[in-house]
Structure formats: C-alpha cells, structure tokens
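One structure is given here, and the rest of the page talks about it.
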Amino acid sequence: MKDSAALGLFFLPNAKKMIDKCARFVGHRKTNKEMPPMKTLSISFFALAAMALAASAQSLVGVGSVKLGKVTVEAPTSPEYQVTGGPTKRSKNEKWLEFEVEYETKPDEIDELTFKFTALIEKKLLTGEVTYANILQGKSHFAVMYVSPKGIGRLTGGKPLTGAGIENVWVEVSRQGLILDKANFKPGNPPNAQQVTGLVLKKDDTPFAPLFFDRYEAIKQQR
C-alpha cells in the first residue's frame, strides 16, 4: 500500500506547479492582447497599397495624356446681377475678352493641370496661368481666362478693341513643369514683342466666377 501511495504521489501533478503554469499562461495571453489586432494591420496595409497605386497612376501622366482642342476667343459683356437690400449703382456693362480651350484627358484622373495662356493683343504679349485640380478622364473639358474691360482699355489706349487687334492666342498645358501639349488660335509662333503681365485673369477673379460652374474643373487654390 505504501508503494501504491508512493506511485500515486509520483504520477499526480503538483498543484502548486499547475497554478504557476496557469498564471504564466494567463499573463502570456494578456501580453498578446496588447499587440495590434489583425484588423488594424489589414487596414494599414490596404491604405498604403491605395496610396502606392495612386502615386503610380499619377506617374503615368506624360506627353499624350492630354490633348488640346480648339482655342476660341469671345467678347462677353459683364454679367448683371440683381441685388436686393443694398444700394443700387448703375454702370455700363462693358466687354471682356475670354480665351477658352477645349481638351481631352486619357488617364483615369490627373491631380492637377496648369494652362498657360499667351495672347498677342494690340502688338503686346499678355500671359496668364490657371491650374485645375482633380481632372477625371474624358472629353469636353475646358480651361478659360479673361481680360477685363479696363485691361483692354490699357492695351488700346482707351479706344475700342477691334478684331484686328486680337492677333493670336497660344495655350500650353503642363503638369508639374512637364509640357503635355500646345495649341493656338491661329497658325504661328509668339513673336518677340512687349510683354504685359497681370492683365490675364482667372475666372474666380472676374464677375463670371459663379457662372458655368459645371463647365470647368475646380481651380487649385495657391497656398
């Protein structure tokens, strides 16, 4: 009997050792809970992958990604708005110059495109730039810039502007300094003429700002 009891004691697990093992096991599980869950790791992975794909798509924007179409020149009159609750001031609605170019984009999306307009008006070269943001793939995109009535008067010396005074308009589209395409109103290259800056305006800087909202992309705001 003593031998049997001894054998029983030999094979039965030690209670104190079992408790210590359980405690260590519980502590180990608690440490594991402090590690980031798999769900968080998965979200981080897919976010990084999406960023990499977006950067790769933008890197594919190059020559041939944008095709400029027809360049048009119009002379719209200042739009007139009806105001209630404020003073009424009468003024003559004068003529503006409007330069517009149609263009097509081939990538799914382009983060930004800069359009440089150069116009030869009354033997003087005018330049201006506008940058549009988040252009989706497709045709019938438009870029536009303006010259104000007072700007026209500065060029003509206060005389009316005639069609002969509008000699040509050139448009150049680029992305981050890389020229993608060029177009012009008439054949020919810009001449070596007197340059005038500050007269070619973005749509947001004109009374046409709230008009034709769906025709143009959003203008990128400079910081």
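Here's how to read the names in the structure tokens: chain A, B, ... by the order shown, residue numbers from 1 in each chain, ligand numbers from 1 in the order shown.
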Taking a cut-off of 12 Å and counting only C-alpha atoms, can you build a table that, for each residue of segment 77-139 of chain A near segment 210-216 of chain A, reports the nearest atom pair and how far apart they are in Å (one decimal), sorted by chain then residue number, as CSV?
```
residue,atom,partner,partner_atom,distance
A:Ser78,CA,A:Leu211,CA,11.7
A:Pro79,CA,A:Leu211,CA,9.2
A:Glu80,CA,A:Leu211,CA,11.4
A:Tyr81,CA,A:Pro210,CA,10.9
A:Glu100,CA,A:Tyr216,CA,10.5
A:Val101,CA,A:Tyr216,CA,10.9
A:Glu102,CA,A:Tyr216,CA,10.2
A:Tyr103,CA,A:Tyr216,CA,11.0
A:Val130,CA,A:Tyr216,CA,11.6
A:Thr131,CA,A:Tyr216,CA,11.2
A:Tyr132,CA,A:Tyr216,CA,8.5
A:Ala133,CA,A:Tyr216,CA,10.3
A:Asn134,CA,A:Tyr216,CA,11.2
A:Ile135,CA,A:Tyr216,CA,9.7
A:Leu136,CA,A:Tyr216,CA,11.6
A:Lys139,CA,A:Arg215,CA,11.7
```
Selected residues written out with C-alpha atoms, as a CSV table (one decimal), in the first residue's frame:
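Output (out_23.csv):
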```
chain,number,residue,atom,x,y,z
A,78,SER,CA,-20.1,92.0,-67.9
A,79,PRO,CA,-22.9,89.9,-66.3
A,80,GLU,CA,-25.5,91.8,-64.4
A,81,TYR,CA,-26.9,90.6,-61.1
A,100,GLU,CA,-11.0,79.3,-73.8
A,101,VAL,CA,-9.5,75.9,-74.9
A,102,GLU,CA,-11.2,72.5,-75.0
A,103,TYR,CA,-9.2,69.5,-74.0
A,130,VAL,CA,-4.6,78.8,-64.2
A,131,THR,CA,-4.3,75.4,-62.5
A,132,TYR,CA,-7.2,73.0,-62.3
A,133,ALA,CA,-7.4,70.1,-59.8
A,134,ASN,CA,-8.7,66.5,-59.9
A,135,ILE,CA,-9.5,66.2,-63.6
A,136,LEU,CA,-11.3,62.9,-64.5
A,139,LYS,CA,-13.6,64.7,-73.4
```
Nearest-residue call for Lys186 of chain A, choices A:Gly198, A:Glu122, A:Glu167, A:Val83, using only C-alpha atoms:
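Once distances to Lys186 of chain A are computed over only C-alpha atoms, the minimum belongs to A:Glu167.
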From A:Lys67, A:Lys95, A:Arg154, A:Lys202, residue lying nearest Gly128 of chain A [only C-alpha atoms]
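Checking each candidate against Gly128 of chain A, we get A:Lys202 as the closest.
Nearest-residue note for Thr114 of chain A: choosing from A:Val173, A:Asp204, A:Ile179, A:Asn189, the minimum distance belongs to A:Val173, counting only C-alpha atoms.
All residues of segment 89-174 of chain A that DSSP, run on the backbone, classes as helix (DSSP H, G or I) are Pro149, Lys150, Gly151, Ile152, Gly153, Arg154, Leu155, Thr156, Gly163, Ala164 and Gly165 of chain A.
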What separates atom CA of Ala183 of chain A and atom CA of Lys150 of chain A is a distance of 27.1 Å
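Comparing A:Gly62, A:Gln82, A:Pro87, A:Lys124 by their smallest distance to Gly177 of chain A, the closest is A:Gly62 (using only C-alpha atoms).
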For Leu126 of chain A, work out the shell of residues within 10 Å, counting only C-alpha atoms and skipping chain neighbours fewer than 5 positions away, then give it as a PyMOL selection string.
chain A and resi 117-121+147+155+169+193-200
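All residues of protein, DNA or RNA that reach within 10 Å of Asp205 of chain A, judged by only C-alpha atoms and not counting those fewer than 6 positions away in the chain, are A:Met145, A:Tyr146, A:Ser148.
In this model, the gap between atom CA of His141 of chain A and atom CA of Arg223 of chain A comes to 24.9 Å.
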In terms of the shortest atom-to-atom distance over only C-alpha atoms, which of A:Ser65, A:Thr84, A:Thr72, A:Ser140 is closest to Asp181 of chain A?
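With only C-alpha atoms as the atom set, the closest residue is A:Ser65.
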Expressed in Å to a single decimal, how great is the separation between atom CA of Ile219 of chain A and atom CA of Gly153 of chain A?
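Taking atom CA of Ile219 of chain A as the start and atom CA of Gly153 of chain A as the end point, the length is 27.2 Å.
The shortest atom-to-atom distance to Val61 of chain A, with only C-alpha atoms taken into account, belongs to A:Pro107 out of A:Gly86, A:Gly151, A:Pro107, A:Pro191.
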